[in-house]
file target22.txt (compact mmCIF, C-alpha atoms)
# COMPACT_ATOMS: atom_id res chain seq x y z
CA MET O 1 202.59 53.84 47.60
CA HIS O 2 203.30 57.50 46.76
CA ARG O 3 204.99 59.88 49.21
CA VAL O 4 203.76 63.46 48.97
CA ARG O 5 204.58 66.80 50.62
CA CYS O 6 201.91 69.53 50.88
CA MET O 7 201.51 73.15 51.98
CA HIS O 8 205.24 73.87 51.85
CA SER O 9 207.13 76.98 50.81
CA ASP O 10 210.76 78.05 50.68
CA THR O 11 210.58 78.71 54.42
CA ALA O 12 207.96 76.16 55.48
CA ALA O 13 208.30 72.38 55.55
CA GLY O 14 204.57 71.65 55.32
CA GLY O 15 202.90 68.30 55.84
CA ARG O 16 203.59 64.77 54.59
CA ALA O 17 201.30 61.97 53.47
CA ASP O 18 201.64 58.47 52.03
CA VAL O 19 199.02 57.74 49.37
CA HIS O 20 197.98 54.10 48.87
CA TRP O 21 196.23 53.80 45.52
CA SER O 22 193.35 51.37 44.88
CA GLU O 23 193.64 50.02 48.40
CA GLU O 24 190.87 49.69 50.95
CA PRO O 25 191.67 51.03 54.44
CA PRO O 26 193.07 48.25 56.66
CA LYS O 27 190.79 46.50 59.11
CA LYS O 28 193.23 46.94 61.99
CA SER O 29 194.87 50.08 63.31
CA ILE O 30 197.94 51.29 61.41
CA LYS O 31 200.77 53.35 62.83
CA ALA O 32 203.21 55.35 60.74
CA ASP O 33 205.37 58.47 60.77
CA CYS O 34 202.90 60.52 58.70
CA VAL O 35 199.30 60.56 57.51
CA GLN O 36 198.23 57.51 55.48
CA VAL O 37 195.65 58.02 52.72
CA PHE O 38 193.80 55.14 51.06
CA VAL O 39 192.26 56.06 47.69
CA THR O 40 189.79 53.82 45.83
CA PRO O 41 188.03 54.72 42.54
CA VAL O 42 184.23 54.49 42.79
CA ASP O 43 182.41 55.04 39.49
CA ASN O 44 183.60 58.50 38.38
CA GLU O 45 184.73 59.62 41.85
CA PHE O 46 187.43 58.71 44.36
CA ARG O 47 187.02 57.69 47.96
CA ALA O 48 189.90 59.04 50.07
CA GLU O 49 190.13 58.02 53.73
CA SER O 50 192.97 59.42 55.84
CA TYR O 51 194.49 58.03 59.04
CA SER O 52 196.63 59.73 61.69
CA ILE O 53 200.02 58.50 62.88
CA ASN O 54 198.35 56.53 65.68
CA GLY O 55 195.94 54.84 63.30
CA LYS O 56 192.77 56.87 63.89
CA ARG O 57 190.58 57.77 60.94
CA ILE O 58 190.56 61.54 60.34
CA GLN O 59 187.17 63.04 59.52
CA PHE O 60 188.66 65.96 57.58
CA CYS O 61 192.31 65.80 56.52
CA GLY O 62 193.54 68.71 54.41
CA HIS O 63 196.96 67.45 53.40
CA GLY O 64 195.66 63.91 52.97
CA SER O 65 193.12 65.27 50.49
CA LEU O 66 195.73 67.42 48.73
CA ALA O 67 198.05 64.43 48.43
CA ALA O 68 195.28 62.17 47.10
CA ALA O 69 194.38 64.76 44.45
CA TRP O 70 198.02 65.21 43.44
CA VAL O 71 198.46 61.48 42.82
CA ALA O 72 195.10 61.21 41.04
CA PHE O 73 195.94 64.03 38.62
CA SER O 74 199.60 63.02 38.16
CA GLU O 75 199.19 59.29 37.71
CA HIS O 76 195.62 58.56 36.68
CA ALA O 77 193.80 61.57 35.19
CA PRO O 78 196.34 64.09 33.81
CA ALA O 79 193.86 65.51 31.28
CA ALA O 80 191.02 66.05 33.76
CA ALA O 81 189.97 69.60 34.66
CA THR O 82 188.40 68.59 37.97
CA LEU O 83 188.07 65.44 40.06
CA ASN O 84 185.49 64.57 42.70
CA PHE O 85 186.37 63.00 46.05
CA PHE O 86 184.46 61.86 49.12
CA ASN O 87 184.89 60.10 52.44
CA ALA O 88 182.51 58.93 55.16
CA ASN O 89 181.89 62.53 56.29
CA GLN O 90 181.84 64.79 53.24
CA SER O 91 182.56 65.33 49.57
CA TRP O 92 184.81 67.84 47.78
CA GLN O 93 186.16 68.78 44.37
CA ALA O 94 189.81 69.12 43.33
CA ARG O 95 191.59 70.88 40.48
CA ARG O 96 195.26 71.26 39.58
CA VAL O 97 197.18 74.20 38.11
CA GLY O 98 200.92 73.61 37.82
CA ASP O 99 202.29 72.50 41.16
CA GLU O 100 199.25 73.67 43.12
CA ILE O 101 196.10 71.80 44.09
CA THR O 102 192.83 73.55 44.95
CA LEU O 103 190.18 71.76 47.01
CA VAL O 104 186.62 73.12 47.14
CA TYR O 105 184.40 72.33 50.14
CA ALA O 106 180.98 73.32 51.41
CA ARG O 107 181.38 76.37 53.62
CA PRO O 108 181.67 75.35 57.30
CA ARG O 109 179.11 76.77 59.72
CA PHE O 110 180.59 78.06 62.96
CA ARG O 111 178.74 79.11 66.10
CA PRO O 112 180.16 81.77 68.48
CA CYS O 113 180.36 80.55 72.08
CA VAL O 114 181.75 81.64 75.43
CA VAL O 115 185.46 80.99 75.96
CA PRO O 116 185.69 77.63 77.77
CA GLU O 117 187.00 77.76 81.33
CA PHE O 118 189.86 75.37 80.55
CA ALA O 119 191.29 77.55 77.76
CA SER O 120 193.48 79.93 79.76
CA GLY O 121 194.91 77.14 81.91
CA ALA O 122 195.61 74.83 78.96
CA LEU O 123 197.19 77.60 76.87
CA GLY O 124 198.62 79.96 79.49
CA THR O 125 196.76 82.97 78.05
CA GLN O 126 193.11 84.00 77.95
CA PRO O 127 191.62 84.09 74.41
CA GLN O 128 189.54 87.03 73.21
CA ALA O 129 186.72 85.05 71.61
CA ALA O 130 185.62 81.50 70.80
CA ALA O 131 183.51 79.56 68.31
CA VAL O 132 182.72 75.92 67.58
CA VAL O 133 182.27 74.01 64.32
CA GLY O 134 180.48 70.68 64.10
CA ASP O 135 179.65 68.35 66.97
CA ASP O 136 181.60 67.45 70.12
CA THR O 137 184.35 65.89 67.98
CA GLY O 138 184.57 68.93 65.68
CA TYR O 139 186.58 72.11 66.15
CA LEU O 140 187.01 74.75 68.84
CA ILE O 141 188.34 78.07 67.49
CA LEU O 142 190.02 80.45 69.94
CA GLN O 143 190.89 83.98 68.79
CA PHE O 144 193.88 85.96 70.09
CA PRO O 145 194.85 89.61 69.57
CA ASP O 146 197.90 89.14 67.34
CA ALA O 147 200.32 86.70 65.72
CA GLU O 148 202.86 86.95 68.53
CA SER O 149 200.22 85.86 71.05
CA VAL O 150 199.57 82.76 68.94
CA ARG O 151 203.26 82.05 68.37
CA SER O 152 204.17 82.28 72.06
CA LEU O 153 201.46 79.96 73.41
CA GLN O 154 202.72 77.04 75.50
CA PRO O 155 199.85 74.53 75.32
CA ASP O 156 199.36 71.62 77.71
CA PRO O 157 198.33 68.65 75.49
CA ASP O 158 197.08 66.57 78.42
CA ALA O 159 194.88 69.43 79.64
CA ILE O 160 193.46 69.94 76.14
CA MET O 161 192.69 66.25 75.65
CA THR O 162 191.15 65.92 79.11
CA ALA O 163 188.92 68.97 78.71
CA SER O 164 187.57 68.40 75.20
CA GLN O 165 187.44 66.00 72.27
CA ARG O 166 187.33 68.92 69.86
CA ALA O 167 190.42 69.78 67.83
CA LEU O 168 191.72 73.14 69.04
CA ILE O 169 192.52 75.94 66.56
CA VAL O 170 194.14 79.13 67.88
CA THR O 171 194.23 82.09 65.51
CA ALA O 172 194.76 85.83 64.99
CA SER O 173 194.40 88.15 62.02
CA GLU O 174 197.43 90.02 60.69
CA SER O 175 195.58 92.23 58.23
CA SER O 176 192.29 92.34 56.36
CA ALA O 177 193.54 89.54 54.10
CA ASP O 178 195.91 87.49 56.24
CA PHE O 179 195.65 85.32 59.33
CA VAL O 180 197.81 82.90 61.31
CA PHE O 181 196.98 79.84 63.34
CA ARG O 182 198.20 76.81 65.24
CA TYR O 183 196.41 73.48 65.58
CA PHE O 184 196.32 71.09 68.52
CA ALA O 185 194.64 67.67 68.38
CA PRO O 186 196.53 65.43 70.84
CA GLN O 187 193.77 62.83 70.63
CA TYR O 188 195.09 62.05 67.13
CA GLY O 189 198.61 61.31 68.32
CA GLU O 190 200.51 64.58 67.80
CA PRO O 191 200.51 67.42 70.35
CA GLU O 192 200.71 69.98 67.52
CA ASP O 193 200.12 69.40 63.84
CA ALA O 194 202.65 70.86 61.40
CA ALA O 195 200.36 71.60 58.44
CA THR O 196 196.56 71.54 58.71
CA GLY O 197 194.50 72.41 55.66
CA SER O 198 191.27 71.40 57.38
CA ALA O 199 191.84 74.09 60.04
CA ALA O 200 192.48 76.70 57.34
CA VAL O 201 189.12 75.81 55.78
CA GLN O 202 187.29 76.34 59.08
CA LEU O 203 189.13 79.63 59.60
CA ALA O 204 188.26 80.87 56.12
CA ALA O 205 184.61 80.81 57.16
CA TYR O 206 185.43 82.30 60.58
CA TRP O 207 187.55 85.23 59.34
CA GLY O 208 185.42 85.62 56.22
CA ALA O 209 182.59 86.69 58.52
CA LYS O 210 184.80 89.17 60.39
CA LEU O 211 187.11 90.71 57.76
CA PRO O 212 186.32 92.50 54.47
CA SER O 213 188.35 90.15 52.26
CA GLU O 214 187.17 86.88 50.69
CA GLU O 215 190.72 85.73 49.89
CA PHE O 216 193.35 85.07 52.56
CA HIS O 217 197.04 84.21 52.76
CA VAL O 218 197.44 81.80 55.68
CA ARG O 219 200.49 80.94 57.77
CA GLN O 220 200.53 78.06 60.22
CA LEU O 221 202.96 78.89 63.03
CA SER O 222 203.98 75.33 63.86
CA HIS O 223 207.61 74.40 64.41
CA HIS O 224 208.08 73.44 60.74
CA GLY O 225 205.58 75.92 59.38
CA ALA O 226 203.13 75.79 56.49
CA GLU O 227 201.60 78.22 54.02
CA MET O 228 198.40 78.11 51.99
CA HIS O 229 195.68 80.29 50.46
CA VAL O 230 191.95 80.11 51.12
CA THR O 231 188.97 81.86 49.60
CA CYS O 232 185.51 82.08 51.09
CA GLY O 233 182.52 83.14 49.04
CA GLY O 234 178.89 82.13 48.99
CA ASP O 235 178.43 78.54 50.10
CA GLU O 236 181.99 77.39 49.30
CA VAL O 237 185.51 77.54 50.71
CA ALA O 238 188.53 76.78 48.53
CA LEU O 239 191.97 75.73 49.83
CA THR O 240 194.99 76.12 47.53
CA ALA O 241 198.49 74.87 48.38
CA PRO O 242 201.66 73.68 46.64
CA VAL O 243 202.13 69.91 46.46
CA ALA O 244 205.04 67.73 45.30
CA TYR O 245 206.36 64.21 45.52
CA ARG O 246 208.99 63.71 48.18

call {"tool": "encode", "arguments": {"input": "target22.txt", "output": "structure tokens"}}
result
Amino acid sequence: MHRVRCMHSDTAAGGRADVHWSEEPPKKSIKADCVQVFVTPVDNEFRAESYSINGKRIQFCGHGSLAAAWVAFSEHAPAAATLNFFNANQSWQARRVGDEITLVYARPRFRPCVVPEFASGALGTQPQAAAVVGDDTGYLILQFPDAESVRSLQPDPDAIMTASQRALIVTASESSADFVFRYFAPQYGEPEDAATGSAAVQLAAYWGAKLPSEEFHVRQLSHHGAEMHVTCGGDEVALTAPVAYR
């Protein structure tokens, strides 16, 4: 097992993942103190399935995918320029430059929607706008006027989980090339996630349609904090973040 830290900076703790190499996901539920990633080589690709701290399989796990790529490049394919990964929901490509991993995904498709009635009660403040990505177990994006509005939210995890099975992303732009966010998915065992690359990928498509830039510096305003970069162009979104063994 390899222990990995992702999306950190000098002022941000980032996310943690344990990578289990050449192991199939367990048949029974697993519980741990961080994301568990099970990587198995399949022909010239790698299957990487991630599980939350309460043992649920995660459809799209950013730091699980970053951690899997870090171990694959470091331990098994140091001369490779790119590596291909997949799970039960999607496929992606990874590349490494120094201590950074870049993951390239198909561009998410979001749909603007009315702000759900539960939003203001669950968050304590009325959002400006809303959009959804994927099906009823996908993402709900709620936009706020500024970073301080996002930072000061006091969410009610029980109200969020009762009202929707979608993961909740709250966000605001800071400039034409920067945005912030927080991520709440209590159905996966944590009221607020510390570092969420998957949310940054959804937001790259969201803000890429609203702002003039195609490249964004992203800050996640969780208690520990996380930082990453995303680019959005054409049919692809790329997530870049620092990764290291811990």

call {"tool": "closest_residue", "arguments": {"input": "target22.txt", "among": "O:Gly15, O:Pro145, O:Pro108, O:Pro212", "to": "Gln128 in chain O", "atoms": "only C-alpha atoms"}}
result
O:Pro145

call {"tool": "residues_near_point", "arguments": {"input": "target22.txt", "point": "(194.5, 75.0, 66.1)", "cutoff": "10 Å", "atoms": "only C-alpha atoms", "output": "mmCIF file with C-alpha atoms, keeping the file's coordinate frame"}}
result
data_model
loop_
_atom_site.group_PDB
_atom_site.id
_atom_site.type_symbol
_atom_site.label_atom_id
_atom_site.label_comp_id
_atom_site.auth_asym_id
_atom_site.auth_seq_id
_atom_site.Cartn_x
_atom_site.Cartn_y
_atom_site.Cartn_z
ATOM 1 C CA TYR O 139 186.580 72.110 66.150
ATOM 2 C CA LEU O 140 187.010 74.750 68.840
ATOM 3 C CA ILE O 141 188.340 78.070 67.490
ATOM 4 C CA LEU O 142 190.020 80.450 69.940
ATOM 5 C CA VAL O 150 199.570 82.760 68.940
ATOM 6 C CA ALA O 167 190.420 69.780 67.830
ATOM 7 C CA LEU O 168 191.720 73.140 69.040
ATOM 8 C CA ILE O 169 192.520 75.940 66.560
ATOM 9 C CA VAL O 170 194.140 79.130 67.880
ATOM 10 C CA THR O 171 194.230 82.090 65.510
ATOM 11 C CA VAL O 180 197.810 82.900 61.310
ATOM 12 C CA PHE O 181 196.980 79.840 63.340
ATOM 13 C CA ARG O 182 198.200 76.810 65.240
ATOM 14 C CA TYR O 183 196.410 73.480 65.580
ATOM 15 C CA PHE O 184 196.320 71.090 68.520
ATOM 16 C CA ALA O 185 194.640 67.670 68.380
ATOM 17 C CA GLU O 192 200.710 69.980 67.520
ATOM 18 C CA ASP O 193 200.120 69.400 63.840
ATOM 19 C CA THR O 196 196.560 71.540 58.710
ATOM 20 C CA SER O 198 191.270 71.400 57.380
ATOM 21 C CA ALA O 199 191.840 74.090 60.040
ATOM 22 C CA ALA O 200 192.480 76.700 57.340
ATOM 23 C CA LEU O 203 189.130 79.630 59.600
ATOM 24 C CA GLN O 220 200.530 78.060 60.220
ATOM 25 C CA LEU O 221 202.960 78.890 63.030
ATOM 26 C CA SER O 222 203.980 75.330 63.860
#

call {"tool": "closest_residue", "arguments": {"input": "target22.txt", "among": "O:Glu75, O:Asp43, O:Glu117, O:Asp235", "to": "Trp21 in chain O", "atoms": "only C-alpha atoms"}}
result
O:Glu75

call {"tool": "atom_distance", "arguments": {"input": "target22.txt", "atom1": "CA of Pro155 in chain O", "atom2": "CA of Ser65 in chain O"}}
result
27.3 Å

call {"tool": "closest_residue", "arguments": {"input": "target22.txt", "among": "O:Tyr105, O:Phe118, O:Phe60, O:Trp207", "to": "Gly138 in chain O", "atoms": "only C-alpha atoms"}}
result
O:Phe60

call {"tool": "closest_residue", "arguments": {"input": "target22.txt", "among": "O:Val42, O:Ser152, O:Gln187, O:Ala147", "to": "Ile58 in chain O", "atoms": "all atoms listed in the file"}}
result
O:Gln187

call {"tool": "atom_distance", "arguments": {"input": "target22.txt", "atom1": "CA of Pro41 in chain O", "atom2": "CA of Pro25 in chain O"}}
result
13.0 Å

call {"tool": "residues_near_point", "arguments": {"input": "target22.txt", "point": "(200.3, 65.8, 47.6)", "cutoff": "6 Å", "atoms": "only C-alpha atoms", "output": "list in words"}}
result
Val4, Arg5, Cys6, Leu66, Ala67, Trp70, Val243 and Ala244 of chain O

call {"tool": "residues_around", "arguments": {"input": "target22.txt", "residues": "Gly233 in chain O", "least_positions_apart": "3", "cutoff": "9 Å", "atoms": "only C-alpha atoms", "output": "VMD selection string"}}
result
chain O and resid 107 205 208 214 to 215 236 to 238

call {"tool": "atom_distance", "arguments": {"input": "target22.txt", "atom1": "CA of His2 in chain O", "atom2": "CA of Trp92 in chain O"}}
result
21.2 Å

call {"tool": "closest_residue", "arguments": {"input": "target22.txt", "among": "O:Arg57, O:Arg109, O:Arg16, O:His229", "to": "Gln202 in chain O", "atoms": "all atoms listed in the file"}}
result
O:Arg109

call {"tool": "closest_residue", "arguments": {"input": "target22.txt", "among": "O:Leu103, O:Gln59, O:Gly189, O:Ala72", "to": "Gly134 in chain O", "atoms": "only C-alpha atoms"}}
result
O:Gln59

call {"tool": "residues_around", "arguments": {"input": "target22.txt", "residues": "Thr40 in chain O", "least_positions_apart": "5", "cutoff": "9 Å", "atoms": "all atoms listed in the file", "output": "list in words"}}
result
His20, Trp21, Ser22, Glu23, Glu24, Glu45, Phe46, Arg47, Ala48 and Glu49 of chain O

call {"tool": "residues_around", "arguments": {"input": "target22.txt", "residues": "Ala129 in chain O", "least_positions_apart": "5", "cutoff": "9 Å", "atoms": "all atoms listed in the file", "output": "PyMOL selection string"}}
result
chain O and resi 112-115+141-144

call {"tool": "residues_around", "arguments": {"input": "target22.txt", "residues": "Thr125 in chain O", "least_positions_apart": "2", "cutoff": "9 Å", "atoms": "all atoms listed in the file", "output": "list in words"}}
result
Ala119, Ser120, Gly121, Ala122, Leu123, Pro127, Phe144, Ser149, Leu153 and Gln154 of chain O
